[in-house]
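Chemist: Structure below; questions to follow.
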Amino acid sequence: MRPRLAQLVKQSGGMYVTDALKRADAALEVMREPLLTSIDDYLVKFDTLLEAPDAPDLIDTLYRCSADVISLSGAEQTDAVQTAARSLCDLVGEAGAVTPALLAGIKVHVASIKLLHRATLDPATQAPILAGLARVLEKQRGGEA
């Protein structure tokens with residue numbers, strides 16, 4: 001006797017969840033390297049932006065770039081780059097003006113994203129890096145560091 005579920009899947013043109021997940025993983029694998037290369041490009045752009053800290057649109061541009069890195073970070077092996085880029089978004093998004101302290105915090109975030117990008121660090125190694133970024137963000141917010 002054939003299961004009715006199998007008939008429904010075939011009738012509606014659908015597929016099993018496991019098959020759909022396998023297809024999604026295969027599609028992501030094809031796109032992984034181009035997405036990671038895009039993050040590489042953004043890291044270079046961050047460095048270029050930080051060479052001109054007096055640019056009038058620096059905060060907005062950094063915010064947009066870090067938001068783009070968040071979007072691309074699904075290609076990473078872990079979610080650490082996404083977490084670091086979100087923290088950078090928060091840092092620049094909450095900034096009222098470009099100050100030396102803000103620039104230092106941005107540089108720490110960019111350096112951390114570089115360290116985490118393409119890395120296969122275990123969560124125990126990533127945790128202190130991400131905790132440090134959280135402290136930088138909290139300090140910028142005026143809280144306890």
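Note on naming: chains are A, B, ... as they come in the structure tokens, residues start from 1 per chain, ligands start from 1 in the order shown.
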Among chain A, which residues does DSSP mark as alpha helix (DSSP H) when it is run on the backbone? Keep the chain and numbering as in the structure and answer as a ChimeraX atom specification.

Modeler: /A:4-12,17-50,58-72,80-93,100-116,123-140

Chemist: Those residues you just picked out, can you put them in a file as a compact mmCIF listing (two decimals), in the first residue's frame with C-alpha atoms?

Modeler:
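Listing of part_14.txt after writing:
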```txt
# COMPACT_ATOMS: atom_id res chain seq x y z
CA ARG A 4 -1.25 8.95 0.75
CA LEU A 5 1.27 11.62 1.66
CA ALA A 6 3.53 10.57 -1.20
CA GLN A 7 0.59 10.89 -3.59
CA LEU A 8 -0.17 14.40 -2.35
CA VAL A 9 3.40 15.52 -2.81
CA LYS A 10 3.47 14.20 -6.37
CA GLN A 11 0.02 15.61 -7.25
CA SER A 12 0.72 19.15 -6.09
CA VAL A 17 11.08 19.24 3.29
CA THR A 18 14.34 17.30 3.34
CA ASP A 19 14.57 17.55 -0.45
CA ALA A 20 13.82 21.27 -0.34
CA LEU A 21 16.54 21.81 2.28
CA LYS A 22 19.06 19.84 0.22
CA ARG A 23 18.26 22.00 -2.81
CA ALA A 24 18.60 25.19 -0.76
CA ASP A 25 21.97 24.04 0.61
CA ALA A 26 23.18 23.24 -2.91
CA ALA A 27 22.05 26.66 -4.17
CA LEU A 28 23.79 28.42 -1.29
CA GLU A 29 26.97 26.48 -1.90
CA VAL A 30 27.02 27.73 -5.50
CA MET A 31 26.61 31.32 -4.26
CA ARG A 32 28.91 31.05 -1.23
CA GLU A 33 32.16 32.24 -2.82
CA PRO A 34 30.66 35.24 -4.67
CA LEU A 35 28.95 36.32 -1.43
CA LEU A 36 32.16 35.94 0.58
CA THR A 37 34.03 37.91 -2.09
CA SER A 38 31.45 40.68 -1.74
CA ILE A 39 32.20 40.81 1.99
CA ASP A 40 35.91 41.06 1.11
CA ASP A 41 35.05 44.07 -1.05
CA TYR A 42 33.13 45.71 1.78
CA LEU A 43 36.07 45.22 4.14
CA VAL A 44 38.26 47.13 1.69
CA LYS A 45 35.57 49.80 1.44
CA PHE A 46 35.46 50.15 5.24
CA ASP A 47 39.22 50.79 5.26
CA THR A 48 38.87 53.36 2.48
CA LEU A 49 36.02 55.13 4.30
CA LEU A 50 38.03 55.32 7.51
CA LEU A 58 30.57 58.80 6.73
CA ILE A 59 28.07 57.53 9.28
CA ASP A 60 25.33 56.89 6.71
CA THR A 61 27.74 55.14 4.36
CA LEU A 62 29.19 52.96 7.12
CA TYR A 63 25.68 52.06 8.22
CA ARG A 64 24.63 51.04 4.70
CA CYS A 65 27.81 49.03 4.18
CA SER A 66 27.49 47.18 7.49
CA ALA A 67 23.82 46.43 6.69
CA ASP A 68 24.95 44.98 3.35
CA VAL A 69 27.49 42.79 5.16
CA ILE A 70 24.66 41.51 7.36
CA SER A 71 22.73 40.56 4.24
CA LEU A 72 25.71 38.75 2.74
CA ALA A 80 29.74 35.62 14.04
CA VAL A 81 30.21 38.01 11.09
CA GLN A 82 26.51 38.77 11.12
CA THR A 83 26.63 39.48 14.87
CA ALA A 84 29.66 41.74 14.47
CA ALA A 85 28.13 43.60 11.52
CA ARG A 86 24.88 44.11 13.46
CA SER A 87 26.90 45.54 16.32
CA LEU A 88 28.65 47.89 13.89
CA CYS A 89 25.24 48.95 12.52
CA ASP A 90 24.09 49.70 16.05
CA LEU A 91 27.28 51.60 16.82
CA VAL A 92 27.10 53.92 13.82
CA GLY A 93 23.31 54.06 13.76
CA PRO A 100 37.60 59.90 18.10
CA ALA A 101 35.91 57.37 20.40
CA LEU A 102 33.41 56.44 17.69
CA LEU A 103 36.16 56.03 15.10
CA ALA A 104 38.09 53.80 17.50
CA GLY A 105 34.98 51.66 18.03
CA ILE A 106 34.38 51.40 14.29
CA LYS A 107 37.98 50.33 13.73
CA VAL A 108 37.65 47.63 16.40
CA HIS A 109 34.48 46.36 14.74
CA VAL A 110 36.02 46.31 11.26
CA ALA A 111 39.12 44.51 12.56
CA SER A 112 36.90 41.95 14.28
CA ILE A 113 34.84 41.34 11.14
CA LYS A 114 38.10 40.78 9.24
CA LEU A 115 39.19 38.28 11.87
CA LEU A 116 35.87 36.41 11.83
CA PRO A 123 32.21 29.34 19.28
CA ALA A 124 34.53 29.40 22.29
CA THR A 125 37.08 31.39 20.26
CA GLN A 126 34.45 33.70 18.75
CA ALA A 127 32.76 34.46 22.07
CA PRO A 128 35.43 36.79 23.52
CA ILE A 129 35.63 38.72 20.25
CA LEU A 130 31.87 39.24 20.15
CA ALA A 131 31.78 40.06 23.87
CA GLY A 132 34.44 42.69 23.28
CA LEU A 133 32.32 44.27 20.55
CA ALA A 134 29.34 44.31 22.90
CA ARG A 135 31.47 46.15 25.47
CA VAL A 136 32.56 48.70 22.86
CA LEU A 137 28.93 49.30 21.91
CA GLU A 138 27.85 49.59 25.54
CA LYS A 139 30.66 52.04 26.26
CA GLN A 140 29.61 54.18 23.29
```

Chemist: Using only C-alpha atoms, find the one residue out of A:Glu51, A:Arg118, A:Arg141, A:Ser73 that sits nearest to Gly96 in chain A.

Modeler: A:Arg141

Chemist: What's the separation between CA of Pro53 in chain A and CA of Gly142 in chain A, in Å to one decimal place?

Modeler: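 So the two atoms, CA of Pro53 in chain A and CA of Gly142 in chain A, lie 21.9 Å apart.
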
Chemist: Could you check how far CA of Ala52 in chain A sits from CA of Ala97 in chain A, in Å to one decimal?

Modeler: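 Answer for the CA of Ala52 in chain A to CA of Ala97 in chain A separation: 14.4 Å.
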
Chemist: So how far away is CA of Glu94 in chain A from CA of Asp54 in chain A, in Å?

Modeler: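 Separation between CA of Asp54 in chain A and CA of Glu94 in chain A: 17.8 Å.
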